[in-house]
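Containing PDB, C-alpha atoms, pLDDT in the B column: final.pdb.
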ATOM      1  CA  MET A  22      32.202 -20.471 -10.409  1.00 45.00           C
ATOM      2  CA  ASN A  23      34.371 -18.986 -13.114  1.00 47.00           C
ATOM      3  CA  LYS A  24      36.202 -15.682 -12.813  1.00 42.00           C
ATOM      4  CA  ARG A  25      33.733 -13.704 -15.004  1.00 40.00           C
ATOM      5  CA  ASP A  26      30.705 -14.912 -13.051  1.00 44.00           C
ATOM      6  CA  PHE A  27      32.451 -14.092  -9.787  1.00 35.00           C
ATOM      7  CA  MET A  28      33.421 -10.572 -10.955  1.00 38.00           C
ATOM      8  CA  GLY A  29      29.919  -9.921 -12.313  1.00 40.00           C
ATOM      9  CA  ALA A  30      28.324 -11.007  -9.045  1.00 38.00           C
ATOM     10  CA  ALA A  31      30.782  -8.895  -7.060  1.00 39.00           C
ATOM     11  CA  LEU A  32      30.065  -5.812  -9.185  1.00 37.00           C
ATOM     12  CA  LEU A  33      26.313  -6.266  -8.848  1.00 37.00           C
ATOM     13  CA  ALA A  34      26.571  -6.747  -5.094  1.00 39.00           C
ATOM     14  CA  GLY A  35      28.698  -3.603  -4.812  1.00 41.00           C
ATOM     15  CA  ALA A  36      26.297  -1.571  -6.950  1.00 39.00           C
ATOM     16  CA  ALA A  37      23.116  -2.733  -5.205  1.00 38.00           C
ATOM     17  CA  PRO A  38      23.248  -0.039  -2.497  1.00 37.00           C
ATOM     18  CA  ALA A  39      23.380   2.648  -5.188  1.00 37.00           C
ATOM     19  CA  PHE A  40      20.104   1.396  -6.645  1.00 33.00           C
ATOM     20  CA  ALA A  41      18.354   0.904  -3.318  1.00 37.00           C
ATOM     21  CA  ALA A  42      15.888   3.493  -2.018  1.00 38.00           C
ATOM     22  CA  PRO A  43      17.598   6.123   0.095  1.00 39.00           C
ATOM     23  CA  LYS A  44      17.146   5.725   3.833  1.00 37.00           C
ATOM     24  CA  THR A  45      15.613   9.204   4.012  1.00 40.00           C
ATOM     25  CA  ALA A  46      12.919   8.434   1.430  1.00 42.00           C
ATOM     26  CA  PRO A  47       9.431   9.227   2.696  1.00 48.00           C
ATOM     27  CA  ALA A  48       7.083   6.369   3.341  1.00 52.00           C
ATOM     28  CA  GLY A  49       4.253   5.839   0.917  1.00 59.00           C
ATOM     29  CA  ALA A  50       3.743   4.463  -2.523  1.00 72.00           C
ATOM     30  CA  GLY A  51       2.822   7.635  -4.382  1.00 90.00           C
ATOM     31  CA  PRO A  52       4.848  10.520  -5.712  1.00 94.00           C
ATOM     32  CA  ILE A  53       5.670  13.301  -3.289  1.00 95.00           C
ATOM     33  CA  LEU A  54       3.157  16.149  -3.564  1.00 96.00           C
ATOM     34  CA  LEU A  55       4.015  18.326  -0.568  1.00 98.00           C
ATOM     35  CA  THR A  56       7.379  19.240   0.938  1.00 98.00           C
ATOM     36  CA  LEU A  57       7.801  21.187   4.171  1.00 98.00           C
ATOM     37  CA  THR A  58      11.116  22.891   4.851  1.00 97.00           C
ATOM     38  CA  GLY A  59      12.528  25.231   7.457  1.00 96.00           C
ATOM     39  CA  ASP A  60      11.627  24.790  11.104  1.00 95.00           C
ATOM     40  CA  VAL A  61      10.236  21.244  10.842  1.00 96.00           C
ATOM     41  CA  GLY A  62      10.648  18.844  13.759  1.00 95.00           C
ATOM     42  CA  LYS A  63      10.601  15.669  11.666  1.00 96.00           C
ATOM     43  CA  THR A  64      12.486  14.920   8.487  1.00 95.00           C
ATOM     44  CA  ASN A  65      12.195  12.110   5.994  1.00 95.00           C
ATOM     45  CA  ARG A  66      14.178  13.394   3.056  1.00 94.00           C
ATOM     46  CA  GLY A  67      17.568  14.892   2.514  1.00 94.00           C
ATOM     47  CA  PRO A  68      18.681  18.307   1.350  1.00 96.00           C
ATOM     48  CA  PHE A  69      17.760  20.171  -1.814  1.00 97.00           C
ATOM     49  CA  ASP A  70      19.077  18.308  -4.843  1.00 96.00           C
ATOM     50  CA  PRO A  71      19.436  20.493  -7.952  1.00 96.00           C
ATOM     51  CA  GLY A  72      19.197  17.440 -10.193  1.00 95.00           C
ATOM     52  CA  ARG A  73      15.903  16.205  -8.725  1.00 94.00           C
ATOM     53  CA  ASP A  74      14.298  19.340  -7.285  1.00 96.00           C
ATOM     54  CA  ILE A  75      14.319  21.320 -10.518  1.00 96.00           C
ATOM     55  CA  MET A  76      11.110  23.274  -9.963  1.00 95.00           C
ATOM     56  CA  MET A  77      12.189  24.161  -6.428  1.00 97.00           C
ATOM     57  CA  GLY A  78      15.443  25.449  -7.883  1.00 96.00           C
ATOM     58  CA  LYS A  79      13.560  27.599 -10.373  1.00 96.00           C
ATOM     59  CA  HIS A  80      11.591  29.006  -7.429  1.00 96.00           C
ATOM     60  CA  LYS A  81      14.919  29.824  -5.692  1.00 96.00           C
ATOM     61  CA  LEU A  82      14.400  27.318  -2.874  1.00 96.00           C
ATOM     62  CA  ALA A  83      17.203  25.612  -1.004  1.00 95.00           C
ATOM     63  CA  PHE A  84      17.107  23.579   2.196  1.00 97.00           C
ATOM     64  CA  SER A  85      19.237  21.174   4.168  1.00 96.00           C
ATOM     65  CA  ARG A  86      16.378  19.012   5.492  1.00 94.00           C
ATOM     66  CA  ALA A  87      12.684  18.524   4.830  1.00 97.00           C
ATOM     67  CA  TRP A  88       9.560  16.505   5.508  1.00 97.00           C
ATOM     68  CA  ALA A  89       7.763  15.252   2.399  1.00 97.00           C
ATOM     69  CA  CYS A  90       4.505  13.382   1.851  1.00 96.00           C
ATOM     70  CA  ASP A  91       2.367  11.899  -0.875  1.00 96.00           C
ATOM     71  CA  PHE A  92      -1.356  12.316  -1.512  1.00 95.00           C
ATOM     72  CA  ALA A  93      -2.249   9.273   0.581  1.00 94.00           C
ATOM     73  CA  ALA A  94      -0.406  10.639   3.624  1.00 95.00           C
ATOM     74  CA  VAL A  95      -2.250  13.974   3.402  1.00 96.00           C
ATOM     75  CA  ALA A  96      -5.596  12.295   2.742  1.00 93.00           C
ATOM     76  CA  ALA A  97      -5.067   9.923   5.703  1.00 95.00           C
ATOM     77  CA  LEU A  98      -5.108  12.803   8.196  1.00 97.00           C
ATOM     78  CA  PRO A  99      -8.481  13.633   9.807  1.00 97.00           C
ATOM     79  CA  ALA A 100     -10.463  15.657   7.272  1.00 98.00           C
ATOM     80  CA  VAL A 101     -12.893  18.529   7.571  1.00 98.00           C
ATOM     81  CA  THR A 102     -15.275  19.841   4.931  1.00 98.00           C
ATOM     82  CA  ILE A 103     -15.824  23.507   4.160  1.00 98.00           C
ATOM     83  CA  HIS A 104     -18.320  25.113   1.755  1.00 98.00           C
ATOM     84  CA  PRO A 105     -16.939  28.362   0.317  1.00 98.00           C
ATOM     85  CA  THR A 106     -18.216  30.218  -2.717  1.00 97.00           C
ATOM     86  CA  LEU A 107     -15.354  30.066  -5.214  1.00 96.00           C
ATOM     87  CA  GLU A 108     -14.295  32.993  -7.335  1.00 93.00           C
ATOM     88  CA  TYR A 109     -13.840  30.846 -10.439  1.00 92.00           C
ATOM     89  CA  ASP A 110     -17.516  30.101 -10.985  1.00 95.00           C
ATOM     90  CA  GLY A 111     -19.343  31.975  -8.206  1.00 95.00           C
ATOM     91  CA  LYS A 112     -20.734  28.694  -6.829  1.00 97.00           C
ATOM     92  CA  VAL A 113     -20.536  27.021  -3.434  1.00 98.00           C
ATOM     93  CA  HIS A 114     -18.353  23.917  -3.466  1.00 98.00           C
ATOM     94  CA  ALA A 115     -17.563  21.260  -0.865  1.00 98.00           C
ATOM     95  CA  LEU A 116     -13.816  21.197  -0.192  1.00 98.00           C
ATOM     96  CA  ARG A 117     -12.424  18.443   2.010  1.00 98.00           C
ATOM     97  CA  GLY A 118      -9.008  17.882   3.544  1.00 98.00           C
ATOM     98  CA  PRO A 119      -7.066  18.052   6.787  1.00 98.00           C
ATOM     99  CA  LEU A 120      -6.529  21.241   8.710  1.00 97.00           C
ATOM    100  CA  LEU A 121      -3.216  22.790   7.728  1.00 97.00           C
ATOM    101  CA  THR A 122      -2.299  22.777  11.425  1.00 96.00           C
ATOM    102  CA  ASP A 123      -2.652  18.967  11.377  1.00 97.00           C
ATOM    103  CA  VAL A 124      -0.373  18.691   8.323  1.00 97.00           C
ATOM    104  CA  LEU A 125       2.167  20.869  10.115  1.00 97.00           C
ATOM    105  CA  GLY A 126       1.813  18.708  13.220  1.00 96.00           C
ATOM    106  CA  ALA A 127       2.566  15.583  11.183  1.00 96.00           C
ATOM    107  CA  ALA A 128       5.860  17.231  10.205  1.00 96.00           C
ATOM    108  CA  GLY A 129       6.635  18.045  13.842  1.00 96.00           C
ATOM    109  CA  VAL A 130       6.095  21.791  13.417  1.00 96.00           C
ATOM    110  CA  ARG A 131       5.474  23.657  16.662  1.00 94.00           C
ATOM    111  CA  LEU A 132       3.553  26.844  16.004  1.00 93.00           C
ATOM    112  CA  HIS A 133       4.231  29.893  18.132  1.00 92.00           C
ATOM    113  CA  ASP A 134       3.335  33.564  17.795  1.00 88.00           C
ATOM    114  CA  GLY A 135       6.353  34.358  15.631  1.00 89.00           C
ATOM    115  CA  THR A 136       5.874  31.470  13.185  1.00 95.00           C
ATOM    116  CA  ARG A 137       5.354  32.483   9.566  1.00 97.00           C
ATOM    117  CA  LEU A 138       4.614  30.202   6.639  1.00 97.00           C
ATOM    118  CA  ALA A 139       5.301  30.651   2.957  1.00 97.00           C
ATOM    119  CA  LEU A 140       2.683  28.605   1.081  1.00 98.00           C
ATOM    120  CA  ARG A 141       4.025  28.007  -2.426  1.00 98.00           C
ATOM    121  CA  ALA A 142       2.086  26.920  -5.509  1.00 97.00           C
ATOM    122  CA  LEU A 143       3.319  25.071  -8.570  1.00 96.00           C
ATOM    123  CA  ASP A 144       3.319  28.294 -10.607  1.00 95.00           C
ATOM    124  CA  GLY A 145       5.609  29.984  -8.072  1.00 95.00           C
ATOM    125  CA  TYR A 146       2.912  32.064  -6.366  1.00 96.00           C
ATOM    126  CA  ALA A 147       3.604  32.257  -2.633  1.00 97.00           C
ATOM    127  CA  ALA A 148       1.343  33.510   0.125  1.00 97.00           C
ATOM    128  CA  SER A 149       2.730  34.462   3.501  1.00 97.00           C
ATOM    129  CA  VAL A 150       0.620  33.734   6.585  1.00 97.00           C
ATOM    130  CA  ASP A 151       1.396  33.834  10.277  1.00 96.00           C
ATOM    131  CA  ALA A 152       0.371  31.420  13.017  1.00 94.00           C
ATOM    132  CA  ALA A 153      -2.521  33.650  14.161  1.00 94.00           C
ATOM    133  CA  GLN A 154      -3.989  33.789  10.626  1.00 94.00           C
ATOM    134  CA  LEU A 155      -3.527  30.059  10.255  1.00 93.00           C
ATOM    135  CA  ARG A 156      -5.557  29.363  13.381  1.00 91.00           C
ATOM    136  CA  THR A 157      -8.187  32.109  12.919  1.00 94.00           C
ATOM    137  CA  LEU A 158      -8.913  31.341   9.266  1.00 96.00           C
ATOM    138  CA  ARG A 159      -8.770  27.551   9.821  1.00 97.00           C
ATOM    139  CA  PHE A 160      -6.895  26.783   6.622  1.00 98.00           C
ATOM    140  CA  ILE A 161      -7.304  23.283   5.252  1.00 98.00           C
ATOM    141  CA  VAL A 162      -5.186  21.452   2.715  1.00 98.00           C
ATOM    142  CA  ALA A 163      -8.011  20.519   0.391  1.00 98.00           C
ATOM    143  CA  THR A 164      -7.595  17.212  -1.411  1.00 97.00           C
ATOM    144  CA  HIS A 165     -11.162  16.850  -2.717  1.00 97.00           C
ATOM    145  CA  MET A 166     -13.716  19.144  -4.287  1.00 98.00           C
ATOM    146  CA  ASP A 167     -17.353  18.060  -4.486  1.00 98.00           C
ATOM    147  CA  GLY A 168     -16.361  14.515  -3.533  1.00 97.00           C
ATOM    148  CA  GLN A 169     -13.662  14.087  -6.195  1.00 97.00           C
ATOM    149  CA  PRO A 170      -9.873  14.289  -5.834  1.00 96.00           C
ATOM    150  CA  MET A 171      -8.656  17.607  -7.206  1.00 96.00           C
ATOM    151  CA  ALA A 172      -6.681  17.246 -10.398  1.00 94.00           C
ATOM    152  CA  LEU A 173      -3.389  18.777 -11.388  1.00 93.00           C
ATOM    153  CA  GLY A 174      -4.292  21.358 -14.003  1.00 91.00           C
ATOM    154  CA  GLY A 175      -7.342  22.414 -11.995  1.00 92.00           C
ATOM    155  CA  LEU A 176      -7.047  23.648  -8.420  1.00 94.00           C
ATOM    156  CA  GLY A 177      -5.158  20.635  -7.100  1.00 95.00           C
ATOM    157  CA  PRO A 178      -4.002  18.231  -6.297  1.00 97.00           C
ATOM    158  CA  LEU A 179      -3.605  20.197  -3.032  1.00 98.00           C
ATOM    159  CA  TRP A 180      -5.048  23.613  -2.186  1.00 98.00           C
ATOM    160  CA  ALA A 181      -4.409  25.646   0.973  1.00 98.00           C
ATOM    161  CA  VAL A 182      -7.805  27.283   1.458  1.00 98.00           C
ATOM    162  CA  TYR A 183     -10.279  28.528   4.056  1.00 98.00           C
ATOM    163  CA  ASP A 184     -14.038  29.024   4.167  1.00 98.00           C
ATOM    164  CA  ALA A 185     -14.173  32.734   3.292  1.00 97.00           C
ATOM    165  CA  ASP A 186     -17.986  32.700   3.437  1.00 96.00           C
ATOM    166  CA  ARG A 187     -17.813  32.015   7.208  1.00 96.00           C
ATOM    167  CA  ILE A 188     -15.268  34.767   7.994  1.00 95.00           C
ATOM    168  CA  PRO A 189     -17.118  38.111   8.135  1.00 96.00           C
ATOM    169  CA  ALA A 190     -14.125  40.278   7.146  1.00 94.00           C
ATOM    170  CA  LEU A 191     -13.527  38.126   4.046  1.00 95.00           C
ATOM    171  CA  ALA A 192     -17.185  37.542   3.192  1.00 96.00           C
ATOM    172  CA  ALA A 193     -17.635  41.331   2.979  1.00 96.00           C
ATOM    173  CA  ARG A 194     -14.996  41.569   0.220  1.00 96.00           C
ATOM    174  CA  PRO A 195     -15.718  41.088  -3.476  1.00 95.00           C
ATOM    175  CA  LEU A 196     -15.439  37.402  -4.405  1.00 95.00           C
ATOM    176  CA  ALA A 197     -12.256  37.929  -6.442  1.00 94.00           C
ATOM    177  CA  GLU A 198     -10.483  39.381  -3.364  1.00 96.00           C
ATOM    178  CA  ARG A 199     -11.234  36.653  -0.820  1.00 96.00           C
ATOM    179  CA  PHE A 200      -8.598  34.018  -1.585  1.00 96.00           C
ATOM    180  CA  GLY A 201      -5.283  35.872  -2.004  1.00 94.00           C
ATOM    181  CA  SER A 202      -3.697  33.798   0.763  1.00 96.00           C
ATOM    182  CA  CYS A 203      -4.877  30.496  -0.746  1.00 97.00           C
ATOM    183  CA  PRO A 204      -2.459  29.051  -3.287  1.00 97.00           C
ATOM    184  CA  TRP A 205      -3.947  26.240  -5.346  1.00 96.00           C
ATOM    185  CA  GLY A 206      -1.529  23.667  -6.668  1.00 97.00           C
ATOM    186  CA  LEU A 207       0.230  23.812  -3.265  1.00 98.00           C
ATOM    187  CA  TYR A 208       3.501  21.885  -3.307  1.00 98.00           C
ATOM    188  CA  HIS A 209       5.794  23.530  -0.760  1.00 98.00           C
ATOM    189  CA  ILE A 210       5.492  25.073   2.688  1.00 98.00           C
ATOM    190  CA  GLU A 211       8.404  26.910   4.251  1.00 97.00           C
ATOM    191  CA  VAL A 212       8.166  27.220   8.031  1.00 97.00           C
ATOM    192  CA  LEU A 213       9.934  30.322   9.311  1.00 95.00           C
ATOM    193  CA  ALA A 214      10.499  30.581  13.069  1.00 81.00           C
TER     194      ALA A 214
END

What's the structure tokens form of this structure?
Amino acid sequence: MNKRDFMGAALLAGAAPAFAAPKTAPAGAGPILLTLTGDVGKTNRGPFDPGRDIMMGKHKLAFSRAWACDFAAVAALPAVTIHPTLEYDGKVHALRGPLLTDVLGAAGVRLHDGTRLALRALDGYAASVDAAQLRTLRFIVATHMDGQPMALGGLGPLWAVYDADRIPALAARPLAERFGSCPWGLYHIEVLA
């Protein structure tokens, strides 16, 4: 082996770890769609990175640890189907996805009476809900509407939503006032103890 080949091989071997996937990278083949920060019991990604987490930075988020997942990980959780009337077209739609409590459980979140969540959408809208509301309203993280994955640019790809038609206090409200705590385009959940 000549000197140039040896040096080239040595440089490549030394640089290989820099190009390898980070050890904290979440499992899964798809892009990350949902990140949970705050009081999470499990982590699979590192701290906020201003070079990679640009939208989170614009939304004034910062964190030292997080749990992140792709669409497949959310869709793999046990799903339920709800049938609310949606404000956008006044029609009943079938929304399917896991209970939000199950998504939180996958991240090792332990809910207690003082737990609050900030559910943040892609456009920056954030709804604040507490553990009692989460359980009573039976929020789901909808991944499908009427049997089809929800698209980015519509209400998806993830939507924190409940079946307002089945909750008397919400069903009594005008349709446009039923879903204020339901951010579509959900991408971040902050768990506050």

Suppose you want the space between atom CA of A:Ser85 and atom CA of A:Asp70; what is it in Å?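 Going from atom CA of A:Ser85 over to atom CA of A:Asp70 covers 9.5 Å.
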
If you apply the PyMOL selection byres ((chain A and resi 128-141) around 6) to this file, what residues do you get, as a JSON list (two decimals) with C-alpha atoms, in the frame of the given file?
[["chain", "number", "residue", "atom", "x", "y", "z"],
["A", 61, "VAL", "CA", 10.24, 21.24, 10.84],
["A", 62, "GLY", "CA", 10.65, 18.84, 13.76],
["A", 63, "LYS", "CA", 10.60, 15.67, 11.67],
["A", 125, "LEU", "CA", 2.17, 20.87, 10.12],
["A", 126, "GLY", "CA", 1.81, 18.71, 13.22],
["A", 127, "ALA", "CA", 2.57, 15.58, 11.18],
["A", 142, "ALA", "CA", 2.09, 26.92, -5.51],
["A", 146, "TYR", "CA", 2.91, 32.06, -6.37],
["A", 147, "ALA", "CA", 3.60, 32.26, -2.63],
["A", 148, "ALA", "CA", 1.34, 33.51, 0.12],
["A", 149, "SER", "CA", 2.73, 34.46, 3.50],
["A", 150, "VAL", "CA", 0.62, 33.73, 6.58],
["A", 151, "ASP", "CA", 1.40, 33.83, 10.28],
["A", 152, "ALA", "CA", 0.37, 31.42, 13.02],
["A", 207, "LEU", "CA", 0.23, 23.81, -3.26],
["A", 209, "HIS", "CA", 5.79, 23.53, -0.76],
["A", 210, "ILE", "CA", 5.49, 25.07, 2.69],
["A", 211, "GLU", "CA", 8.40, 26.91, 4.25],
["A", 212, "VAL", "CA", 8.17, 27.22, 8.03],
["A", 213, "LEU", "CA", 9.93, 30.32, 9.31],
["A", 214, "ALA", "CA", 10.50, 30.58, 13.07]]

Which protein, DNA or RNA residues are at most 8 Å from (11.8, 17.5, 1.3) in the file's coordinates when you count only C-alpha atoms, listed as JSON, numbers by chain? {"A": [56, 57, 58, 64, 65, 66, 67, 68, 69, 86, 87, 88, 89]}

Chain and number of each residue from the PyMOL selection byres ((chain A and resi 165) around 12), as a PyMOL selection string: chain A and resi 92+95-96+100-104+114-119+161-164+166-173+175-182

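Distances here use only C-alpha atoms; by that measure, the residue among A:Asp91, A:Asp144, A:Glu198, A:Asp184 closest to A:Glu108 is A:Glu198.
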
State, in Å with one decimal place, the distance from atom CA of A:Met76 to atom CA of A:Leu143.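 Atom-to-atom, atom CA of A:Met76 and atom CA of A:Leu143 are spaced 8.1 Å apart.
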
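Here the PyMOL selection byres ((chain A and resi 187) around 12) catches exactly these residues: Ile103, His104, Pro105, Thr106, Thr157, Leu158, Arg159, Tyr183, Asp184, Ala185, Asp186, Ile188, Pro189, Ala190, Leu191, Ala192, Ala193 and Arg199 of chain A.
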
To one decimal place, how far is atom CA of A:Ala50 from atom CA of A:Ala93 in Å?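 Going from atom CA of A:Ala50 over to atom CA of A:Ala93 covers 8.3 Å.
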
Nearest candidate to A:Gly206 (options A:Ala153, A:Asp74, A:Lys112, A:Gly145; using only C-alpha atoms):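 Checking each candidate against A:Gly206, we get A:Gly145 as the closest.
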
Smallest atom-to-atom distance to A:Leu121: which of A:Ala197, A:Leu155, A:Leu107, A:Cys90, using all atoms listed in the file?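 Closest to A:Leu121, using all atoms listed in the file: A:Leu155.
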
Supply stretch 89-107 of chain A as a compact mmCIF listing (two decimals), in the coordinates of the input, with N, CA and C atoms built in where the input has gaps.
# COMPACT_ATOMS: atom_id res chain seq x y z
N ALA A 89 8.51 15.36 3.65
CA ALA A 89 7.76 15.25 2.40
C ALA A 89 6.69 14.18 2.52
N CYS A 90 5.58 14.37 1.79
CA CYS A 90 4.50 13.38 1.85
C CYS A 90 3.80 13.28 0.51
N ASP A 91 3.15 12.14 0.33
CA ASP A 91 2.37 11.90 -0.88
C ASP A 91 0.89 12.19 -0.61
N PHE A 92 0.07 12.03 -1.63
CA PHE A 92 -1.36 12.32 -1.51
C PHE A 92 -2.00 11.45 -0.43
N ALA A 93 -1.64 10.19 -0.39
CA ALA A 93 -2.25 9.27 0.58
C ALA A 93 -1.96 9.71 2.01
N ALA A 94 -0.75 10.20 2.28
CA ALA A 94 -0.41 10.64 3.62
C ALA A 94 -1.23 11.86 4.03
N VAL A 95 -1.43 12.79 3.10
CA VAL A 95 -2.25 13.97 3.40
C VAL A 95 -3.70 13.55 3.59
N ALA A 96 -4.20 12.73 2.69
CA ALA A 96 -5.60 12.30 2.74
C ALA A 96 -5.89 11.41 3.96
N ALA A 97 -4.87 10.79 4.54
CA ALA A 97 -5.07 9.92 5.70
C ALA A 97 -5.26 10.71 7.00
N LEU A 98 -4.91 11.98 7.00
CA LEU A 98 -5.11 12.80 8.20
C LEU A 98 -6.60 13.08 8.37
N PRO A 99 -7.06 13.34 9.60
CA PRO A 99 -8.48 13.63 9.81
C PRO A 99 -8.90 14.82 8.93
N ALA A 100 -10.02 14.64 8.24
CA ALA A 100 -10.46 15.66 7.27
C ALA A 100 -11.65 16.45 7.80
N VAL A 101 -11.73 17.68 7.34
CA VAL A 101 -12.89 18.53 7.57
C VAL A 101 -13.42 18.96 6.21
N THR A 102 -14.67 19.37 6.18
CA THR A 102 -15.28 19.84 4.93
C THR A 102 -15.72 21.28 5.12
N ILE A 103 -15.39 22.12 4.16
CA ILE A 103 -15.82 23.51 4.16
C ILE A 103 -16.65 23.74 2.89
N HIS A 104 -17.43 24.84 2.89
CA HIS A 104 -18.32 25.11 1.76
C HIS A 104 -18.22 26.57 1.30
N PRO A 105 -17.06 26.98 0.77
CA PRO A 105 -16.94 28.36 0.32
C PRO A 105 -17.51 28.57 -1.08
N THR A 106 -17.86 29.81 -1.36
CA THR A 106 -18.22 30.22 -2.72
C THR A 106 -16.89 30.53 -3.41
N LEU A 107 -16.63 29.89 -4.54
CA LEU A 107 -15.35 30.07 -5.21
C LEU A 107 -15.44 31.15 -6.27
